file structure.cif (mmCIF, N, CA and C atoms and all ligand atoms)
data_model
loop_
_atom_site.label_atom_id
_atom_site.label_comp_id
_atom_site.auth_asym_id
_atom_site.auth_seq_id
_atom_site.Cartn_x
_atom_site.Cartn_y
_atom_site.Cartn_z
N MET A 29 4.68 -4.38 -27.26
CA MET A 29 5.28 -3.08 -27.60
C MET A 29 6.33 -2.72 -26.54
N VAL A 30 7.50 -2.38 -27.00
CA VAL A 30 8.56 -2.01 -26.08
C VAL A 30 8.72 -0.51 -26.06
N ARG A 31 8.60 0.05 -24.88
CA ARG A 31 8.80 1.48 -24.76
C ARG A 31 10.28 1.73 -24.50
N LEU A 32 10.79 2.76 -25.12
CA LEU A 32 12.19 3.10 -24.88
C LEU A 32 12.27 3.87 -23.57
N ILE A 33 12.95 3.28 -22.60
CA ILE A 33 13.05 3.91 -21.29
C ILE A 33 14.34 4.71 -21.20
N PRO A 34 14.24 5.99 -20.88
CA PRO A 34 15.46 6.82 -20.77
C PRO A 34 16.40 6.24 -19.72
N ASN A 35 17.69 6.31 -19.97
CA ASN A 35 18.68 5.74 -19.06
C ASN A 35 18.57 6.28 -17.64
N HIS A 36 18.32 7.58 -17.53
CA HIS A 36 18.33 8.18 -16.20
C HIS A 36 17.16 7.70 -15.35
N VAL A 37 16.19 7.08 -15.99
CA VAL A 37 15.01 6.61 -15.25
C VAL A 37 15.33 5.33 -14.49
N HIS A 38 16.25 4.53 -15.01
CA HIS A 38 16.57 3.26 -14.36
C HIS A 38 17.16 3.49 -12.97
N GLY A 39 16.77 2.62 -12.06
CA GLY A 39 17.27 2.73 -10.70
C GLY A 39 16.47 3.72 -9.89
N THR A 40 15.33 4.16 -10.41
CA THR A 40 14.46 5.05 -9.64
C THR A 40 13.09 4.39 -9.48
N ALA A 41 12.39 4.78 -8.43
CA ALA A 41 11.05 4.22 -8.22
C ALA A 41 10.14 4.63 -9.37
N GLY A 42 10.42 5.78 -9.98
CA GLY A 42 9.62 6.23 -11.11
C GLY A 42 9.76 5.29 -12.30
N GLY A 43 10.95 4.73 -12.48
CA GLY A 43 11.14 3.77 -13.57
C GLY A 43 10.22 2.58 -13.39
N TYR A 44 10.06 2.18 -12.15
CA TYR A 44 9.22 1.03 -11.85
C TYR A 44 7.74 1.37 -12.01
N SER A 45 7.31 2.48 -11.39
CA SER A 45 5.87 2.77 -11.37
C SER A 45 5.41 3.52 -12.61
N ASN A 46 6.23 4.44 -13.13
CA ASN A 46 5.77 5.23 -14.28
C ASN A 46 6.07 4.57 -15.61
N TRP A 47 7.16 3.80 -15.65
CA TRP A 47 7.57 3.21 -16.92
C TRP A 47 7.35 1.70 -16.95
N ASP A 48 6.84 1.17 -15.85
CA ASP A 48 6.62 -0.27 -15.77
C ASP A 48 7.88 -1.07 -16.02
N CYS A 49 9.01 -0.50 -15.66
CA CYS A 49 10.27 -1.22 -15.84
C CYS A 49 10.48 -2.15 -14.66
N ARG A 50 10.86 -3.40 -14.95
CA ARG A 50 11.07 -4.37 -13.88
C ARG A 50 12.52 -4.85 -13.84
N CYS A 51 13.44 -4.02 -14.33
CA CYS A 51 14.85 -4.38 -14.21
C CYS A 51 15.23 -4.29 -12.74
N SER A 52 16.34 -4.95 -12.34
CA SER A 52 16.61 -5.02 -10.90
C SER A 52 16.87 -3.66 -10.26
N PRO A 53 17.59 -2.72 -10.89
CA PRO A 53 17.74 -1.42 -10.22
C PRO A 53 16.40 -0.72 -9.97
N CYS A 54 15.51 -0.78 -10.95
CA CYS A 54 14.21 -0.14 -10.77
C CYS A 54 13.38 -0.85 -9.71
N THR A 55 13.39 -2.19 -9.74
CA THR A 55 12.64 -2.96 -8.75
C THR A 55 13.16 -2.68 -7.35
N GLU A 56 14.49 -2.64 -7.25
CA GLU A 56 15.10 -2.41 -5.94
C GLU A 56 14.77 -1.00 -5.44
N ALA A 57 14.83 -0.03 -6.35
CA ALA A 57 14.53 1.36 -5.96
C ALA A 57 13.08 1.47 -5.49
N ASN A 58 12.20 0.78 -6.19
CA ASN A 58 10.80 0.83 -5.81
C ASN A 58 10.57 0.16 -4.45
N ALA A 59 11.25 -0.97 -4.23
CA ALA A 59 11.11 -1.66 -2.94
C ALA A 59 11.66 -0.80 -1.82
N ALA A 60 12.79 -0.13 -2.09
CA ALA A 60 13.38 0.74 -1.07
C ALA A 60 12.45 1.89 -0.74
N LYS A 61 11.81 2.43 -1.77
CA LYS A 61 10.89 3.53 -1.56
C LYS A 61 9.70 3.09 -0.72
N ALA A 62 9.18 1.89 -1.04
CA ALA A 62 8.05 1.36 -0.28
C ALA A 62 8.45 1.12 1.17
N ARG A 63 9.69 0.62 1.35
CA ARG A 63 10.18 0.38 2.71
C ARG A 63 10.25 1.70 3.47
N ARG A 64 10.82 2.72 2.81
CA ARG A 64 10.94 4.03 3.47
C ARG A 64 9.58 4.59 3.81
N ALA A 65 8.66 4.49 2.87
CA ALA A 65 7.32 5.04 3.10
C ALA A 65 6.66 4.34 4.27
N LYS A 66 6.80 3.03 4.31
CA LYS A 66 6.19 2.25 5.39
C LYS A 66 6.83 2.62 6.71
N LEU A 67 8.15 2.74 6.69
CA LEU A 67 8.89 3.09 7.90
C LEU A 67 8.46 4.47 8.39
N ALA A 68 8.35 5.41 7.46
CA ALA A 68 7.95 6.76 7.82
C ALA A 68 6.57 6.75 8.45
N ARG A 69 5.69 5.93 7.86
CA ARG A 69 4.33 5.86 8.39
C ARG A 69 4.30 5.25 9.78
N THR A 70 5.05 4.14 9.93
CA THR A 70 4.96 3.43 11.20
C THR A 70 5.78 4.14 12.28
N ASN A 71 6.79 4.95 11.88
CA ASN A 71 7.57 5.67 12.88
C ASN A 71 6.87 6.94 13.33
N ALA A 72 6.14 7.55 12.40
CA ALA A 72 5.45 8.78 12.74
C ALA A 72 4.30 8.46 13.66
N PRO A 73 3.98 9.40 14.53
CA PRO A 73 2.81 9.19 15.37
C PRO A 73 1.57 9.07 14.49
N ILE A 74 0.69 8.20 14.87
CA ILE A 74 -0.50 7.98 14.06
C ILE A 74 -1.47 9.14 14.25
N PRO A 75 -1.89 9.77 13.15
CA PRO A 75 -2.86 10.88 13.26
C PRO A 75 -4.11 10.41 13.98
N ARG A 76 -4.65 11.25 14.81
CA ARG A 76 -5.81 10.82 15.61
C ARG A 76 -6.99 10.40 14.77
N HIS A 77 -7.18 11.11 13.63
CA HIS A 77 -8.35 10.79 12.82
C HIS A 77 -8.23 9.41 12.19
N VAL A 78 -7.03 8.86 12.19
CA VAL A 78 -6.84 7.55 11.57
C VAL A 78 -7.35 6.43 12.48
N HIS A 79 -7.29 6.68 13.79
CA HIS A 79 -7.74 5.64 14.72
C HIS A 79 -9.22 5.33 14.53
N GLY A 80 -9.51 4.06 14.65
CA GLY A 80 -10.90 3.65 14.49
C GLY A 80 -11.25 3.42 13.03
N THR A 81 -10.23 3.39 12.14
CA THR A 81 -10.48 3.12 10.73
C THR A 81 -9.65 1.91 10.30
N ASP A 82 -10.10 1.27 9.24
CA ASP A 82 -9.34 0.15 8.70
C ASP A 82 -7.98 0.63 8.22
N ASN A 83 -7.93 1.87 7.78
CA ASN A 83 -6.68 2.49 7.34
C ASN A 83 -5.64 2.46 8.45
N GLY A 84 -6.07 2.76 9.67
CA GLY A 84 -5.16 2.74 10.81
C GLY A 84 -4.58 1.35 11.03
N TYR A 85 -5.43 0.37 10.90
CA TYR A 85 -5.00 -1.01 11.13
C TYR A 85 -4.07 -1.48 10.02
N THR A 86 -4.49 -1.22 8.77
CA THR A 86 -3.77 -1.77 7.63
C THR A 86 -2.51 -0.99 7.30
N ASN A 87 -2.63 0.34 7.20
CA ASN A 87 -1.51 1.13 6.73
C ASN A 87 -0.60 1.62 7.84
N TYR A 88 -1.13 1.76 9.05
CA TYR A 88 -0.31 2.26 10.14
C TYR A 88 0.06 1.16 11.12
N ASP A 89 -0.38 -0.06 10.83
CA ASP A 89 -0.08 -1.19 11.70
C ASP A 89 -0.51 -0.91 13.13
N CYS A 90 -1.58 -0.16 13.29
CA CYS A 90 -2.07 0.12 14.63
C CYS A 90 -2.98 -1.02 15.07
N ARG A 91 -2.77 -1.48 16.28
CA ARG A 91 -3.60 -2.59 16.79
C ARG A 91 -4.39 -2.16 18.03
N CYS A 92 -4.69 -0.86 18.10
CA CYS A 92 -5.50 -0.42 19.24
C CYS A 92 -6.93 -0.93 19.03
N ASP A 93 -7.72 -0.89 20.07
CA ASP A 93 -9.07 -1.47 20.00
C ASP A 93 -9.92 -0.88 18.87
N PRO A 94 -10.02 0.46 18.77
CA PRO A 94 -10.88 1.01 17.69
C PRO A 94 -10.41 0.60 16.30
N CYS A 95 -9.10 0.59 16.05
CA CYS A 95 -8.60 0.22 14.73
C CYS A 95 -8.86 -1.25 14.45
N THR A 96 -8.62 -2.09 15.44
CA THR A 96 -8.86 -3.52 15.27
C THR A 96 -10.33 -3.78 15.01
N ALA A 97 -11.19 -3.07 15.75
CA ALA A 97 -12.63 -3.23 15.56
C ALA A 97 -13.05 -2.80 14.16
N ALA A 98 -12.50 -1.66 13.69
CA ALA A 98 -12.84 -1.17 12.36
C ALA A 98 -12.40 -2.17 11.30
N HIS A 99 -11.22 -2.71 11.48
CA HIS A 99 -10.69 -3.68 10.52
C HIS A 99 -11.55 -4.94 10.50
N THR A 100 -11.92 -5.40 11.68
CA THR A 100 -12.77 -6.59 11.77
C THR A 100 -14.10 -6.35 11.08
N GLU A 101 -14.64 -5.14 11.29
CA GLU A 101 -15.93 -4.80 10.70
C GLU A 101 -15.83 -4.78 9.17
N VAL A 102 -14.78 -4.17 8.65
CA VAL A 102 -14.59 -4.11 7.20
C VAL A 102 -14.46 -5.52 6.62
N ALA A 103 -13.69 -6.35 7.32
CA ALA A 103 -13.49 -7.72 6.84
C ALA A 103 -14.82 -8.46 6.83
N ARG A 104 -15.64 -8.22 7.86
CA ARG A 104 -16.92 -8.91 7.94
C ARG A 104 -17.85 -8.44 6.82
N GLN A 105 -17.86 -7.12 6.58
CA GLN A 105 -18.71 -6.60 5.50
C GLN A 105 -18.28 -7.13 4.15
N ARG A 106 -16.97 -7.27 3.95
CA ARG A 106 -16.50 -7.80 2.67
C ARG A 106 -16.99 -9.22 2.48
N ARG A 107 -16.99 -9.98 3.57
CA ARG A 107 -17.44 -11.36 3.46
C ARG A 107 -18.94 -11.41 3.18
N ARG A 108 -19.67 -10.47 3.86
CA ARG A 108 -21.12 -10.51 3.76
C ARG A 108 -21.61 -10.07 2.38
N SER A 109 -20.90 -9.14 1.74
CA SER A 109 -21.35 -8.65 0.43
C SER A 109 -20.27 -8.89 -0.62
N PRO A 110 -20.23 -10.11 -1.10
CA PRO A 110 -19.21 -10.46 -2.10
C PRO A 110 -19.35 -9.66 -3.39
N ARG A 111 -20.52 -9.02 -3.60
CA ARG A 111 -20.71 -8.23 -4.80
C ARG A 111 -19.67 -7.13 -4.93
N THR A 112 -19.29 -6.55 -3.79
CA THR A 112 -18.33 -5.46 -3.84
C THR A 112 -16.98 -5.95 -4.35
N GLN A 113 -16.76 -7.25 -4.33
CA GLN A 113 -15.50 -7.78 -4.84
C GLN A 113 -15.64 -8.23 -6.29
N GLY A 114 -16.84 -8.04 -6.83
CA GLY A 114 -17.06 -8.41 -8.21
C GLY A 114 -17.26 -9.90 -8.40
N GLU A 115 -17.64 -10.58 -7.32
CA GLU A 115 -17.90 -12.01 -7.45
C GLU A 115 -19.40 -12.24 -7.30
N GLU A 116 -20.12 -12.08 -8.37
CA GLU A 116 -21.57 -12.16 -8.28
C GLU A 116 -22.10 -13.56 -8.43
N GLU A 117 -21.29 -14.44 -8.92
CA GLU A 117 -21.78 -15.82 -9.13
C GLU A 117 -21.91 -16.54 -7.80
ZN ZN A 201 14.84 -0.06 -15.18
ZN ZN A 202 -5.48 2.95 16.31
#
call {"tool": "encode", "arguments": {"input": "structure.cif", "output": "structure tokens"}}
result
Amino acid sequence: MVRLIPNHVHGTAGGYSNWDCRCSPCTEANAAKARRAKLARTNAPIPRHVHGTDNGYTNYDCRCDPCTAAHTEVARQRRRSPRTQGEEE
């Protein structure tokens, strides 16, 4: 089924995420948005409550001891309980 995508939507991140459009202007706009968001996150000071969480390590690229430890712990738990990944076999 082809959805008719309004012209003004193309070239926006919304075209990519809301309309599932994968034309190059939409893809590029979405990539640019993701880049900006990542840049904003990594440039902004990391909120204190984020430290010591996997979120700090993964989304804020923080490599301080508490964040690294939290990330390591999450990775270990994922390995230990494969059920959470839906791999029960
Ligand atoms: Zn498009
Ligand atoms: Zn941290």
call {"tool": "closest_atom_pairs", "arguments": {"input": "structure.cif", "of": "chain A", "to": "ligand ZN 202 (chain A)", "cutoff": "6.5 Å", "atoms": "only N, CA and C atoms and all ligand atoms", "output": "Markdown table"}}
result
| residue | atom | partner | partner_atom | distance |
| --- | --- | --- | --- | --- |
| A:Val78 | C | A:ZN202 | ZN | 5.5 |
| A:His79 | CA | A:ZN202 | ZN | 3.9 |
| A:Gly80 | N | A:ZN202 | ZN | 4.5 |
| A:Thr81 | N | A:ZN202 | ZN | 6.3 |
| A:Gly84 | CA | A:ZN202 | ZN | 5.5 |
| A:Tyr85 | N | A:ZN202 | ZN | 6.0 |
| A:Cys90 | CA | A:ZN202 | ZN | 4.7 |
| A:Arg91 | N | A:ZN202 | ZN | 5.2 |
| A:Cys92 | N | A:ZN202 | ZN | 4.3 |
| A:Asp93 | N | A:ZN202 | ZN | 5.8 |
| A:Pro94 | C | A:ZN202 | ZN | 5.5 |
| A:Cys95 | N | A:ZN202 | ZN | 4.3 |
| A:Thr96 | N | A:ZN202 | ZN | 6.0 |
call {"tool": "residues_around", "arguments": {"input": "structure.cif", "residues": "Pro34 (chain A)", "least_positions_apart": "5", "cutoff": "12 Å", "atoms": "only C-alpha atoms", "output": "ChimeraX atom specification"}}
result
/A:39-40,42-43,46-47,49
call {"tool": "closest_residue", "arguments": {"input": "structure.cif", "among": "A:Lys66, A:His38, A:Arg107, A:His77", "to": "Ser52 (chain A)", "atoms": "only N, CA and C atoms"}}
result
A:His38
call {"tool": "atom_distance", "arguments": {"input": "structure.cif", "atom1": "CA of Gln105 (chain A)", "atom2": "atom C of Ala65 (chain A)"}}
result
27.7 Å
call {"tool": "atom_distance", "arguments": {"input": "structure.cif", "atom1": "atom N of His99 (chain A)", "atom2": "atom C of Asn87 (chain A)"}}
result
12.0 Å
call {"tool": "atom_distance", "arguments": {"input": "structure.cif", "atom1": "CA of Asp89 (chain A)", "atom2": "CA of Ile74 (chain A)"}}
result
9.5 Å
call {"tool": "closest_residue", "arguments": {"input": "structure.cif", "among": "A:Ala72, A:Cys54, A:Ala62, A:Leu67", "to": "ligand ZN 201 (chain A)", "atoms": "only N, CA and C atoms and all ligand atoms"}}
result
A:Cys54
call {"tool": "closest_residue", "arguments": {"input": "structure.cif", "among": "A:Arg50, A:Arg76, A:Arg63, A:Arg106", "to": "ligand ZN 201 (chain A)", "atoms": "all atoms listed in the file"}}
result
A:Arg50
call {"tool": "closest_residue", "arguments": {"input": "structure.cif", "among": "A:Thr100, A:Asp82, A:Ala57, A:Leu32", "to": "Tyr44 (chain A)", "atoms": "only N, CA and C atoms"}}
result
A:Ala57
call {"tool": "closest_residue", "arguments": {"input": "structure.cif", "among": "A:Ser109, A:Asn71, A:Thr55, A:Asn83", "to": "ligand ZN 201 (chain A)", "atoms": "all atoms listed in the file"}}
result
A:Thr55
call {"tool": "closest_residue", "arguments": {"input": "structure.cif", "among": "A:Ile33, A:Ala68, A:Arg108, A:Pro75", "to": "ligand ZN 201 (chain A)", "atoms": "all atoms listed in the file"}}
result
A:Ile33
